[in-house]
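A.B. asks: One file: final.cif (mmCIF, C-alpha atoms).
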```
data_upload
loop_
_atom_site.label_atom_id
_atom_site.label_comp_id
_atom_site.auth_asym_id
_atom_site.auth_seq_id
_atom_site.Cartn_x
_atom_site.Cartn_y
_atom_site.Cartn_z
CA MET W 1 4.81 -6.91 21.90
CA HIS W 2 2.12 -6.17 19.36
CA LYS W 3 1.99 -2.39 19.26
CA ARG W 4 0.63 -1.05 16.00
CA LEU W 5 2.83 1.45 14.22
CA ALA W 6 0.66 4.33 13.02
CA PHE W 7 2.92 5.19 10.11
CA ILE W 8 2.64 1.60 8.86
CA ASP W 9 -1.16 1.85 9.03
CA THR W 10 -0.88 5.17 7.19
CA LEU W 11 1.06 3.43 4.43
CA ARG W 12 -1.60 0.72 4.28
CA GLY W 13 -4.22 3.44 3.92
CA ILE W 14 -2.33 5.08 1.07
CA ALA W 15 -1.84 1.72 -0.60
CA VAL W 16 -5.48 0.62 -0.53
CA LEU W 17 -6.77 4.02 -1.64
CA ALA W 18 -4.34 3.97 -4.57
CA VAL W 19 -5.69 0.57 -5.61
CA LEU W 20 -9.28 1.74 -5.18
CA LEU W 21 -8.63 4.90 -7.21
CA GLN W 22 -7.08 2.92 -10.06
CA HIS W 23 -10.00 0.48 -10.22
CA ALA W 24 -12.64 3.21 -10.10
CA LEU W 25 -11.00 5.36 -12.78
CA GLU W 26 -10.43 2.34 -15.01
CA VAL W 27 -14.21 1.79 -15.05
CA ILE W 28 -14.68 5.30 -16.38
CA VAL W 29 -12.05 5.04 -19.10
CA GLN W 30 -12.81 1.49 -20.23
CA HIS W 31 -16.60 1.61 -20.28
CA HIS W 32 -17.60 5.22 -20.89
CA PRO W 33 -16.70 7.89 -23.46
CA THR W 34 -14.18 10.34 -22.10
CA GLY W 35 -13.59 12.37 -25.25
CA ASP W 36 -10.97 15.06 -24.79
CA TYR W 37 -10.11 13.65 -21.38
CA TYR W 38 -9.09 10.23 -22.68
CA TRP W 39 -5.38 10.91 -22.94
CA ALA W 40 -5.27 12.59 -19.56
CA PHE W 41 -6.70 9.40 -18.03
CA HIS W 42 -4.53 7.19 -20.19
CA ASN W 43 -1.27 8.97 -19.36
CA VAL W 44 -1.95 9.10 -15.62
CA LEU W 45 -3.32 5.58 -15.19
CA GLY W 46 -1.69 3.58 -17.92
CA TYR W 47 1.40 5.10 -19.44
CA TYR W 48 3.35 6.78 -16.66
CA MET W 49 1.95 5.41 -13.41
CA ASN W 50 -0.25 2.49 -12.48
CA PHE W 51 -1.59 3.47 -9.08
CA GLY W 52 -3.06 0.03 -8.55
CA ARG W 53 0.31 -1.66 -8.87
CA PHE W 54 1.89 1.10 -6.75
CA GLY W 55 -0.57 0.34 -3.96
CA VAL W 56 -0.04 -3.41 -4.20
CA VAL W 57 3.75 -3.06 -4.05
CA LEU W 58 3.39 -0.74 -1.06
CA PHE W 59 1.41 -3.52 0.63
CA PHE W 60 4.21 -5.96 -0.19
CA LEU W 61 6.80 -3.67 1.38
CA VAL W 62 4.64 -3.36 4.49
CA SER W 63 4.37 -7.15 4.69
CA GLY W 64 8.15 -7.42 4.55
CA PHE W 65 8.41 -4.87 7.34
CA VAL W 66 5.94 -6.73 9.57
CA ILE W 67 5.60 -10.44 8.83
CA PRO W 68 9.16 -11.70 9.48
CA PHE W 69 8.88 -10.24 12.99
CA SER W 70 5.49 -11.79 13.71
CA PHE W 71 6.76 -15.18 14.89
CA PRO W 72 5.96 -15.13 18.62
CA ASN W 73 8.38 -16.08 21.36
CA SER W 74 6.25 -19.06 22.33
CA ALA W 75 6.57 -22.79 22.76
CA ALA W 76 5.37 -23.34 19.17
CA PRO W 77 6.19 -20.20 17.17
CA VAL W 78 5.62 -21.72 13.72
CA ARG W 79 2.26 -23.17 14.73
CA ASP W 80 1.22 -19.93 16.41
CA PHE W 81 2.28 -17.90 13.39
CA ALA W 82 0.27 -20.16 11.08
CA VAL W 83 -2.79 -19.95 13.33
CA SER W 84 -2.61 -16.15 13.47
CA ARG W 85 -2.31 -15.91 9.67
CA VAL W 86 -5.25 -18.25 9.08
CA PHE W 87 -7.60 -16.30 11.34
CA ARG W 88 -6.24 -13.01 10.00
CA LEU W 89 -6.75 -13.83 6.32
CA TYR W 90 -9.42 -16.43 5.71
CA PRO W 91 -12.66 -15.22 7.36
CA ALA W 92 -12.55 -11.85 5.58
CA TYR W 93 -11.50 -13.58 2.37
CA TRP W 94 -14.41 -16.02 2.55
CA THR W 95 -16.74 -13.09 3.21
CA SER W 96 -15.40 -11.42 0.07
CA ILE W 97 -16.07 -14.57 -1.95
CA LEU W 98 -19.63 -14.72 -0.64
CA ILE W 99 -20.28 -11.06 -1.46
CA GLY W 100 -18.74 -11.51 -4.89
CA LEU W 101 -20.85 -14.55 -5.71
CA VAL W 102 -24.02 -12.77 -4.59
CA THR W 103 -23.08 -9.70 -6.62
CA LEU W 104 -22.44 -11.58 -9.85
CA LEU W 105 -25.51 -13.77 -9.40
CA ALA W 106 -27.80 -10.81 -8.65
CA LEU W 107 -26.54 -8.52 -11.41
CA ASP W 108 -25.59 -10.95 -14.17
CA GLY W 109 -27.00 -14.31 -13.17
CA LYS W 110 -23.44 -15.59 -13.33
CA THR W 111 -22.28 -18.67 -11.48
CA TYR W 112 -18.97 -20.51 -11.21
CA ALA W 113 -17.96 -24.16 -11.43
CA LEU W 114 -17.99 -25.94 -8.08
CA ALA W 115 -14.36 -27.04 -8.49
CA GLN W 116 -13.22 -23.46 -9.05
CA PHE W 117 -15.23 -22.25 -6.07
CA LEU W 118 -13.82 -24.93 -3.76
CA ALA W 119 -10.26 -24.31 -4.94
CA ASN W 120 -10.65 -20.59 -4.29
CA LEU W 121 -11.86 -21.24 -0.75
CA THR W 122 -8.38 -22.58 0.03
CA MET W 123 -6.64 -19.44 -1.30
CA LEU W 124 -4.25 -21.88 -2.99
CA GLN W 125 -5.94 -21.88 -6.40
CA THR W 126 -2.99 -20.27 -8.17
CA PHE W 127 -0.70 -23.09 -7.10
CA VAL W 128 -2.97 -25.74 -8.66
CA ASN W 129 -3.57 -23.76 -11.84
CA VAL W 130 -7.19 -22.90 -11.07
CA PRO W 131 -8.27 -19.36 -12.06
CA ASN W 132 -8.99 -16.81 -9.37
CA LEU W 133 -12.68 -16.05 -9.00
CA TRP W 134 -11.68 -12.40 -9.34
CA ILE W 135 -8.40 -11.09 -10.68
CA PHE W 136 -7.46 -9.01 -7.63
CA TYR W 137 -7.03 -12.20 -5.59
CA TRP W 138 -3.65 -12.69 -7.32
CA THR W 139 -1.87 -10.71 -4.61
CA LEU W 140 -2.95 -13.19 -1.93
CA ALA W 141 -0.91 -15.96 -3.58
CA ILE W 142 2.19 -13.75 -3.34
CA GLU W 143 1.47 -13.12 0.33
CA LEU W 144 1.13 -16.85 0.99
CA LEU W 145 4.42 -17.54 -0.79
CA PHE W 146 6.10 -14.96 1.41
CA TYR W 147 4.62 -16.49 4.57
CA ILE W 148 5.83 -19.92 3.49
CA GLY W 149 9.28 -18.56 2.68
CA CYS W 150 9.53 -16.77 6.03
CA THR W 151 8.40 -19.91 7.85
CA ILE W 152 11.08 -22.01 6.14
CA LEU W 153 13.77 -19.42 6.85
CA PHE W 154 12.62 -19.15 10.47
CA ALA W 155 12.71 -22.92 10.92
CA MET W 156 16.24 -22.97 9.47
CA GLY W 157 17.35 -20.17 11.79
CA LEU W 158 18.05 -17.85 8.86
CA LEU W 159 15.17 -15.38 8.97
CA ASN W 160 16.69 -13.07 11.56
CA ARG W 161 20.25 -13.23 10.32
CA SER W 162 21.47 -9.87 9.13
CA TYR W 163 22.25 -10.66 5.52
CA THR W 164 19.59 -13.21 4.61
CA ALA W 165 17.19 -10.67 3.11
CA VAL W 166 20.07 -8.75 1.54
CA SER W 167 21.29 -11.90 -0.20
CA ILE W 168 17.80 -12.71 -1.45
CA VAL W 169 17.20 -9.26 -2.91
CA ILE W 170 20.62 -9.06 -4.54
CA GLY W 171 20.38 -12.58 -5.96
CA ALA W 172 16.86 -12.07 -7.30
CA ALA W 173 17.81 -8.70 -8.81
CA LEU W 174 20.84 -10.09 -10.62
CA VAL W 175 18.90 -13.04 -12.03
CA GLY W 176 15.87 -10.90 -12.83
CA THR W 177 17.92 -8.30 -14.65
CA ILE W 178 20.05 -10.67 -16.72
CA VAL W 179 17.60 -13.45 -17.62
CA PRO W 180 14.97 -11.27 -19.39
CA MET W 181 17.69 -9.97 -21.72
CA LEU W 182 18.72 -13.54 -22.63
CA ILE W 183 15.37 -15.38 -22.69
CA ASP W 184 12.29 -13.95 -24.37
CA SER W 185 9.58 -16.03 -22.72
CA ARG W 186 6.32 -14.89 -21.20
CA THR W 187 6.41 -17.80 -18.76
CA VAL W 188 9.87 -16.82 -17.56
CA SER W 189 8.80 -13.19 -17.28
CA SER W 190 5.77 -14.22 -15.21
CA LEU W 191 7.94 -16.22 -12.82
CA LEU W 192 10.37 -13.34 -12.52
CA GLU W 193 7.48 -11.02 -11.73
CA VAL W 194 6.69 -13.25 -8.75
CA ALA W 195 10.35 -13.00 -7.73
CA LEU W 196 10.18 -9.21 -8.04
CA ASN W 197 7.13 -9.04 -5.77
CA LEU W 198 8.85 -11.23 -3.19
CA SER W 199 11.93 -9.01 -3.50
CA ALA W 200 9.79 -6.01 -2.58
CA MET W 201 8.78 -7.84 0.59
CA PHE W 202 12.34 -8.71 1.54
CA LEU W 203 13.33 -5.11 0.79
CA GLY W 204 10.75 -4.11 3.39
CA LYS W 205 12.53 -6.38 5.87
CA ILE W 206 15.90 -4.84 5.00
CA ILE W 207 14.49 -1.39 5.69
CA ARG W 208 13.15 -2.55 9.07
CA ASP W 209 16.48 -4.21 9.88
CA THR W 210 17.99 -0.77 9.32
CA VAL W 211 15.59 1.67 10.96
CA ILE W 212 14.28 -0.41 13.89
CA GLU W 213 16.39 -3.52 14.44
CA GLU W 214 19.67 -1.64 13.66
CA ARG W 215 21.27 -4.75 12.18
CA LEU W 216 22.01 -3.13 8.84
CA ARG W 217 23.12 0.26 7.56
CA TRP W 218 21.64 2.66 5.05
CA ARG W 219 24.24 1.62 2.50
CA HIS W 220 22.57 -1.81 2.45
CA VAL W 221 19.20 -0.18 1.84
CA ALA W 222 20.63 2.00 -0.92
CA ALA W 223 22.38 -0.85 -2.71
CA CYS W 224 19.42 -3.22 -2.48
CA THR W 225 16.93 -0.55 -3.53
CA LEU W 226 19.04 0.35 -6.57
CA LEU W 227 19.32 -3.28 -7.69
CA TYR W 228 15.61 -3.85 -7.02
CA ALA W 229 14.74 -0.75 -9.11
CA ILE W 230 16.90 -1.95 -12.02
CA PHE W 231 15.23 -5.36 -11.76
CA ALA W 232 11.77 -3.75 -11.80
CA VAL W 233 12.45 -1.48 -14.76
CA THR W 234 14.13 -4.21 -16.80
CA LEU W 235 11.39 -6.74 -16.18
CA ALA W 236 8.61 -4.21 -16.77
CA GLU W 237 10.09 -3.37 -20.16
CA ARG W 238 10.25 -7.05 -21.08
CA ARG W 239 6.84 -8.04 -19.72
CA PHE W 240 4.83 -4.88 -20.45
CA GLY W 241 6.85 -3.25 -23.21
CA GLY W 242 3.85 -2.88 -25.47
CA VAL W 243 0.28 -1.79 -24.95
CA TYR W 244 -1.51 -4.46 -22.94
CA HIS W 245 -4.90 -4.74 -21.26
CA GLU W 246 -6.61 -1.59 -22.49
CA ASN W 247 -3.47 0.53 -22.08
CA PHE W 248 -3.40 0.09 -18.31
CA PHE W 249 -0.28 -2.04 -18.17
CA TYR W 250 2.74 -0.56 -19.85
CA SER W 251 6.44 -0.67 -19.05
CA TYR W 252 6.63 2.91 -17.77
CA SER W 253 3.58 2.65 -15.54
CA ILE W 254 4.55 -0.69 -14.01
CA GLY W 255 8.25 0.08 -13.57
CA SER W 256 7.56 3.48 -12.04
CA ALA W 257 5.01 1.92 -9.65
CA TYR W 258 7.62 -0.46 -8.20
CA VAL W 259 10.25 2.26 -7.88
CA LEU W 260 7.95 4.92 -6.43
CA ALA W 261 6.48 2.50 -3.89
CA ALA W 262 9.96 1.70 -2.59
CA LEU W 263 10.93 5.38 -2.37
CA VAL W 264 7.71 6.32 -0.56
CA PHE W 265 8.19 3.47 1.88
CA ILE W 266 11.79 4.48 2.61
CA VAL W 267 10.72 8.06 3.34
CA PHE W 268 7.99 6.91 5.75
CA ALA W 269 10.28 4.41 7.47
CA THR W 270 12.97 7.06 7.87
CA PHE W 271 10.73 9.51 9.69
CA GLY W 272 8.59 6.88 11.39
CA GLU W 273 5.64 8.00 13.48
CA ARG W 274 6.12 11.60 12.38
CA MET W 275 4.63 10.53 9.03
CA ALA W 276 1.48 9.07 10.61
CA LEU W 277 -1.87 10.60 9.69
CA ARG W 278 -4.81 9.59 11.86
CA SER W 279 -7.40 9.48 9.07
CA LEU W 280 -5.21 7.41 6.77
CA ALA W 281 -4.13 5.19 9.66
CA PHE W 282 -7.80 4.35 10.25
CA VAL W 283 -8.14 3.42 6.59
CA GLY W 284 -5.01 1.31 7.02
CA VAL W 285 -6.53 -0.61 9.91
CA ILE W 286 -9.43 -1.72 7.70
CA SER W 287 -7.31 -1.92 4.52
CA TYR W 288 -7.55 -5.70 4.10
CA SER W 289 -11.34 -5.59 4.19
CA LEU W 290 -11.29 -2.53 1.97
CA TYR W 291 -9.11 -4.30 -0.59
CA LEU W 292 -11.43 -7.32 -0.63
CA MET W 293 -14.79 -5.54 -0.62
CA SER W 294 -14.30 -2.38 -2.69
CA PRO W 295 -14.30 -4.10 -6.13
CA PHE W 296 -17.86 -5.28 -5.51
CA VAL W 297 -18.91 -1.83 -4.31
CA ILE W 298 -17.60 -0.50 -7.63
CA VAL W 299 -19.69 -3.05 -9.52
CA TRP W 300 -22.88 -2.23 -7.59
CA ILE W 301 -22.53 1.55 -7.97
CA HIS W 302 -21.55 1.29 -11.62
CA ARG W 303 -24.47 -0.96 -12.50
CA LEU W 304 -27.19 0.58 -10.34
CA VAL W 305 -26.24 4.28 -10.21
CA GLY W 306 -23.98 4.87 -13.17
CA VAL W 307 -20.86 6.90 -13.73
CA GLY W 308 -22.26 10.26 -14.67
CA ASP W 309 -20.99 12.54 -17.40
CA GLY W 310 -17.95 14.78 -17.40
CA PRO W 311 -15.50 15.62 -14.61
CA LEU W 312 -18.22 16.43 -12.06
CA GLY W 313 -20.09 13.17 -12.63
CA TRP W 314 -16.88 11.16 -12.57
CA SER W 315 -15.80 12.86 -9.34
CA LEU W 316 -19.13 12.05 -7.70
CA PHE W 317 -18.83 8.46 -8.92
CA VAL W 318 -15.38 8.02 -7.36
CA THR W 319 -16.42 9.81 -4.17
CA ALA W 320 -19.46 7.56 -3.79
CA ILE W 321 -17.30 4.47 -4.30
CA VAL W 322 -14.76 5.54 -1.69
CA ALA W 323 -17.42 6.50 0.85
CA LEU W 324 -19.51 3.34 0.49
CA SER W 325 -16.41 1.14 0.38
CA LEU W 326 -15.25 2.59 3.68
CA VAL W 327 -18.61 1.90 5.29
CA VAL W 328 -18.87 -1.67 3.98
CA SER W 329 -15.25 -2.41 4.88
CA TRP W 330 -15.63 -1.01 8.38
CA LEU W 331 -18.60 -3.32 8.87
CA THR W 332 -16.76 -6.40 7.62
CA TYR W 333 -13.72 -5.46 9.70
CA THR W 334 -15.82 -4.92 12.82
CA PHE W 335 -18.03 -7.99 12.53
CA THR W 336 -15.80 -10.45 10.68
CA GLU W 337 -12.13 -9.59 10.56
CA LYS W 338 -11.55 -8.24 14.05
CA PRO W 339 -13.54 -10.95 15.92
CA SER W 340 -11.83 -13.71 13.94
CA ILE W 341 -8.40 -12.33 14.82
CA ALA W 342 -9.37 -12.21 18.50
CA PHE W 343 -10.78 -15.73 18.29
CA GLY W 344 -7.55 -16.97 16.74
CA HIS W 345 -5.57 -15.71 19.71
CA ARG W 346 -7.27 -18.36 21.85
CA PHE W 347 -5.41 -21.07 19.97
CA ARG W 348 -1.94 -19.68 20.51
CA SER W 349 0.27 -21.49 22.95
CA ASP W 350 0.68 -19.65 26.25
CA ARG W 351 3.93 -21.16 27.45
CA ARG W 352 6.91 -18.94 26.68
CA LYS W 353 10.38 -20.12 25.89
CA ARG W 354 12.72 -19.64 28.79
CA VAL W 355 15.57 -18.18 26.80
CA VAL W 356 17.25 -14.82 26.68
CA LEU W 357 16.36 -13.02 23.49
CA GLU W 358 18.82 -10.93 21.57
CA PRO W 359 18.03 -7.21 21.76
CA ALA W 360 17.29 -7.17 18.05
CA LEU W 361 14.40 -9.58 18.61
CA SER W 362 12.78 -7.57 21.37
CA SER W 363 10.43 -5.83 18.96
CA GLN W 364 9.07 -9.00 17.39
CA GLY W 365 5.49 -8.65 16.38
CA ALA W 366 5.47 -4.83 16.41
CA ALA W 367 2.86 -3.46 14.05
CA GLU W 368 1.41 -6.91 13.47
#
```
Using the file provided, produce a representation of the structure as structure tokens.
C.D. replies:
Amino acid sequence: MHKRLAFIDTLRGIAVLAVLLQHALEVIVQHHPTGDYYWAFHNVLGYYMNFGRFGVVLFFLVSGFVIPFSFPNSAAPVRDFAVSRVFRLYPAYWTSILIGLVTLLALDGKTYALAQFLANLTMLQTFVNVPNLWIFYWTLAIELLFYIGCTILFAMGLLNRSYTAVSIVIGAALVGTIVPMLIDSRTVSSLLEVALNLSAMFLGKIIRDTVIEERLRWRHVAACTLLYAIFAVTLAERRFGGVYHENFFYSYSIGSAYVLAALVFIVFATFGERMALRSLAFVGVISYSLYLMSPFVIVWIHRLVGVGDGPLGWSLFVTAIVALSLVVSWLTYTFTEKPSIAFGHRFRSDRRKRVVLEPALSSQGAAE
């Protein structure tokens, strides 16, 4: 069963547009005079809410809602899951790398070391301490960690147990809340940030286990969300307590992004398909391509067209970025992402396990 859930695609659309908006507006504030409008930009984007981080965390919650239920009922579920992830992620990712390299070479004459390029092709560069070619690739390492974690839990027979995700979120929240108050270390804070992002994913699974699988109750969601929120706020204060990176990462903006993303996700999951919006669901379908391609669209428009002056010029700049990003991403989705996913299906095992599934597993793969 691989029915797409329209409200999940709607959430993906909201998430990627939030990221795109943050990146586009940051270009205006960081590289062009904004005069009397500076503090309005600063407060919205940097001090109170980081829409980019909000969108990323919303993606993490969606992954937690979907990925643990994407192991097929086949003769080789782990292999088939791995195959589906490879063909889902890598072709579009490699296309993004190609477009990025062409963009930087054409506009700046910039090239990268062969070792860095080859490491980035694997998507494993973070794990071998090789810099990302572009900073926004950092989220892909978190996704891979989650896939690996889900695979291990699945192989151990723990992934679909009722309280596995609950235990992970509670344990991570307790450690992540206490340790930053005892140890003032940027390395520790960075590792705990990874744990927080993974917690967001497992919180997404808890919410699905409540609203669809009916294994858990809303009290589990409430307790885990509260502990996750405390974890997020505490860690954000420790890691981003002062002005950092041109005012766009601050404790309030990062902490509020994690909390708001969880609350928005809970509302959508509660009402389900009644929250679906067709236009945003379409954006959600191409959201992976949009996430990978839009940063280079921003670079091209910024360098070749410019930002403009004042609110009208800035609005036209952002509108042009969104419109062209949608076109480019639809093309990469249509001619790269979608065909590669279909091609990957050919390598899945056809033979099904002859076992009786529990009712709670009957919706495996929904919204994949």
A.B. asks: Pull out every residue that the PyMOL selection byres ((chain W and resi 251) around 9) matches in the shown coordinates and put them as a PDB file with C-alpha atoms, keeping the file's coordinate frame.
C.D. replies:
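result.pdb was written with the following content:
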```pdb
ATOM      1  CA  TYR W  47       1.400   5.100 -19.440  1.00  0.00           C
ATOM      2  CA  TYR W  48       3.350   6.780 -16.660  1.00  0.00           C
ATOM      3  CA  VAL W 233      12.450  -1.480 -14.760  1.00  0.00           C
ATOM      4  CA  THR W 234      14.130  -4.210 -16.800  1.00  0.00           C
ATOM      5  CA  LEU W 235      11.390  -6.740 -16.180  1.00  0.00           C
ATOM      6  CA  ALA W 236       8.610  -4.210 -16.770  1.00  0.00           C
ATOM      7  CA  GLU W 237      10.090  -3.370 -20.160  1.00  0.00           C
ATOM      8  CA  ARG W 238      10.250  -7.050 -21.080  1.00  0.00           C
ATOM      9  CA  ARG W 239       6.840  -8.040 -19.720  1.00  0.00           C
ATOM     10  CA  PHE W 240       4.830  -4.880 -20.450  1.00  0.00           C
ATOM     11  CA  GLY W 241       6.850  -3.250 -23.210  1.00  0.00           C
ATOM     12  CA  GLY W 242       3.850  -2.880 -25.470  1.00  0.00           C
ATOM     13  CA  VAL W 243       0.280  -1.790 -24.950  1.00  0.00           C
ATOM     14  CA  PHE W 249      -0.280  -2.040 -18.170  1.00  0.00           C
ATOM     15  CA  TYR W 250       2.740  -0.560 -19.850  1.00  0.00           C
ATOM     16  CA  TYR W 252       6.630   2.910 -17.770  1.00  0.00           C
ATOM     17  CA  SER W 253       3.580   2.650 -15.540  1.00  0.00           C
ATOM     18  CA  ILE W 254       4.550  -0.690 -14.010  1.00  0.00           C
ATOM     19  CA  GLY W 255       8.250   0.080 -13.570  1.00  0.00           C
ATOM     20  CA  SER W 256       7.560   3.480 -12.040  1.00  0.00           C
TER      21      SER W 256
END
```
A.B. asks: Would you list the contacts of Ile341 in chain W as a list in words, taking every protein, DNA or RNA residue within 10 Å and counting only C-alpha atoms, but skipping same-chain residues closer than 4 positions in sequence?
C.D. replies: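 Neighbouring residues, sequence-local ones excluded: Val83, Ser84, Arg85, Val86, Phe87, Arg88, Leu89, Pro91, Thr336, Glu337, His345 and Arg346 of chain W.
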A.B. asks: Please, could you write that set of residues out with C-alpha atoms as an mmCIF file, in the frame of the given file?
C.D. replies:
```
data_model
loop_
_atom_site.group_PDB
_atom_site.id
_atom_site.type_symbol
_atom_site.label_atom_id
_atom_site.label_comp_id
_atom_site.auth_asym_id
_atom_site.auth_seq_id
_atom_site.Cartn_x
_atom_site.Cartn_y
_atom_site.Cartn_z
ATOM 1 C CA VAL W 83 -2.790 -19.950 13.330
ATOM 2 C CA SER W 84 -2.610 -16.150 13.470
ATOM 3 C CA ARG W 85 -2.310 -15.910 9.670
ATOM 4 C CA VAL W 86 -5.250 -18.250 9.080
ATOM 5 C CA PHE W 87 -7.600 -16.300 11.340
ATOM 6 C CA ARG W 88 -6.240 -13.010 10.000
ATOM 7 C CA LEU W 89 -6.750 -13.830 6.320
ATOM 8 C CA PRO W 91 -12.660 -15.220 7.360
ATOM 9 C CA THR W 336 -15.800 -10.450 10.680
ATOM 10 C CA GLU W 337 -12.130 -9.590 10.560
ATOM 11 C CA HIS W 345 -5.570 -15.710 19.710
ATOM 12 C CA ARG W 346 -7.270 -18.360 21.850
#
```
A.B. asks: Would you list the contacts of range 56-66 of chain W as a PyMOL selection string, taking every protein, DNA or RNA residue within 9 Å and counting all atoms listed in the file, but skipping same-chain residues closer than 4 positions in sequence?
C.D. replies: chain W and resi 8+11-12+14-16+18-19+51-52+70+139+142-143+146+197-209+257-258+261-262+264-265+364-368
A.B. asks: Considering all atoms listed in the file, can you say which of W:Ser189, W:Ile212, W:Leu280, W:Trp314 comes closest to Pro33 in chain W?
C.D. replies: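 Among the listed residues, the smallest separation from Pro33 in chain W belongs to W:Trp314.
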A.B. asks: To one decimal in Å, tell me the separation between CA of Phe268 in chain W and CA of Thr10 in chain W.
C.D. replies: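 Separating CA of Phe268 in chain W from CA of Thr10 in chain W is a distance of 9.2 Å.
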A.B. asks: What's the 12 Å shell around Gln125 in chain W, counting all atoms listed in the file, without same-chain residues fewer than 5 positions away, as a VMD selection string?
C.D. replies: chain W and resid 115 to 120 130 to 135 137 to 138 140 to 142 144
A.B. asks: Restricting the calculation to only C-alpha atoms: of W:Leu263, W:Val169, W:Tyr90, W:Phe136, which residue gets closest to Gly344 in chain W?
C.D. replies: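 Of all the options, W:Tyr90 lies closest to Gly344 in chain W.
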A.B. asks: So which residues touch Gly100 in chain W within 12 Å, counting all atoms listed in the file, skipping near sequence neighbours fewer than 3 positions away, as a VMD selection string?
C.D. replies: chain W and resid 93 to 97 103 to 108 110 to 112 117 132 to 137 292 to 300
A.B. asks: Quote the spacing between CA of Pro72 in chain W and CA of Tyr147 in chain W in Å to one decimal place.
C.D. replies: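 These atoms are spaced 14.2 Å apart.
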A.B. asks: I'd like the neighbourhood of Ile168 in chain W as a PyMOL selection string, where a residue qualifies if any of its atoms comes within 12 Å (using all atoms listed in the file), though same-chain residues fewer than 3 positions away should be ignored.
C.D. replies: chain W and resi 149-150+153+158-159+162-165+171-176+195-196+198-203+205-206+224+227-228
A.B. asks: Where does the PyMOL selection byres ((chain W and resi 6) around 7) land in this file, that is, which residues does it pick, as a list in words?
C.D. replies: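 Those residues are Arg4, Leu5, Phe7, Ile8, Asp9, Thr10, Glu273, Ala276 and Ala281 of chain W.
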A.B. asks: Figure out the distance between CA of Thr151 in chain W and CA of Val78 in chain W, please, to one decimal in Å.
C.D. replies: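 If I compute the distance from CA of Val78 in chain W to CA of Thr151 in chain W, I get 6.7 Å.
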A.B. asks: Hey, which of W:Leu45, W:Ala223, W:Leu260, W:Ala269 ends up closest to Thr210 in chain W? Count all atoms listed in the file.
C.D. replies: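 Of W:Leu45, W:Ala223, W:Leu260, W:Ala269, the one nearest Thr210 in chain W, counting all atoms listed in the file, is W:Ala269.
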A.B. asks: Rank W:Ser325, W:Val194, W:Tyr333, W:Arg348 by their smallest atom-to-atom distance to Phe71 in chain W, using only C-alpha atoms, and report the top residue only.
C.D. replies: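 Closest residue, counting only C-alpha atoms: W:Arg348.
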A.B. asks: My list of candidates is W:Phe271, W:Ser329, W:Val322, W:Asp36. Which is closest to Tyr288 in chain W when distances are computed with all atoms listed in the file?
C.D. replies: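 Among the listed residues, the smallest separation from Tyr288 in chain W belongs to W:Ser329.
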A.B. asks: Measuring atom to atom with only C-alpha atoms, identify which of W:Ala76, W:Leu312, W:Ile266, W:Ala342 is nearest to Trp218 in chain W.
C.D. replies: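 That would be W:Ile266, the residue with the smallest distance to Trp218 in chain W.
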A.B. asks: Just add N, CA, C and O atoms to range 140-147 of chain W and send it as a PDB file, keeping the file's coordinate frame.
C.D. replies:
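Resulting contents of selection_6.pdb:
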```pdb
ATOM      1  N   LEU W 140      -2.905 -12.318  -3.109  1.00  0.00           N
ATOM      2  CA  LEU W 140      -2.950 -13.190  -1.930  1.00  0.00           C
ATOM      3  C   LEU W 140      -2.011 -14.377  -2.098  1.00  0.00           C
ATOM      4  O   LEU W 140      -1.430 -14.865  -1.120  1.00  0.00           O
ATOM      5  N   ALA W 141      -1.847 -14.858  -3.334  1.00  0.00           N
ATOM      6  CA  ALA W 141      -0.910 -15.960  -3.580  1.00  0.00           C
ATOM      7  C   ALA W 141       0.521 -15.519  -3.287  1.00  0.00           C
ATOM      8  O   ALA W 141       1.324 -16.290  -2.739  1.00  0.00           O
ATOM      9  N   ILE W 142       0.850 -14.269  -3.631  1.00  0.00           N
ATOM     10  CA  ILE W 142       2.190 -13.750  -3.340  1.00  0.00           C
ATOM     11  C   ILE W 142       2.400 -13.657  -1.838  1.00  0.00           C
ATOM     12  O   ILE W 142       3.466 -14.009  -1.317  1.00  0.00           O
ATOM     13  N   GLU W 143       1.377 -13.193  -1.128  1.00  0.00           N
ATOM     14  CA  GLU W 143       1.470 -13.120   0.330  1.00  0.00           C
ATOM     15  C   GLU W 143       1.710 -14.499   0.932  1.00  0.00           C
ATOM     16  O   GLU W 143       2.560 -14.672   1.820  1.00  0.00           O
ATOM     17  N   LEU W 144       0.964 -15.502   0.470  1.00  0.00           N
ATOM     18  CA  LEU W 144       1.130 -16.850   0.990  1.00  0.00           C
ATOM     19  C   LEU W 144       2.533 -17.380   0.719  1.00  0.00           C
ATOM     20  O   LEU W 144       3.140 -18.039   1.572  1.00  0.00           O
ATOM     21  N   LEU W 145       3.049 -17.122  -0.467  1.00  0.00           N
ATOM     22  CA  LEU W 145       4.420 -17.540  -0.790  1.00  0.00           C
ATOM     23  C   LEU W 145       5.414 -16.919   0.184  1.00  0.00           C
ATOM     24  O   LEU W 145       6.368 -17.572   0.632  1.00  0.00           O
ATOM     25  N   PHE W 146       5.205 -15.649   0.491  1.00  0.00           N
ATOM     26  CA  PHE W 146       6.100 -14.960   1.410  1.00  0.00           C
ATOM     27  C   PHE W 146       6.006 -15.562   2.809  1.00  0.00           C
ATOM     28  O   PHE W 146       7.023 -15.770   3.487  1.00  0.00           O
ATOM     29  N   TYR W 147       4.794 -15.862   3.256  1.00  0.00           N
ATOM     30  CA  TYR W 147       4.620 -16.490   4.570  1.00  0.00           C
ATOM     31  C   TYR W 147       5.330 -17.839   4.619  1.00  0.00           C
ATOM     32  O   TYR W 147       5.990 -18.171   5.613  1.00  0.00           O
TER      33      TYR W 147
END
```
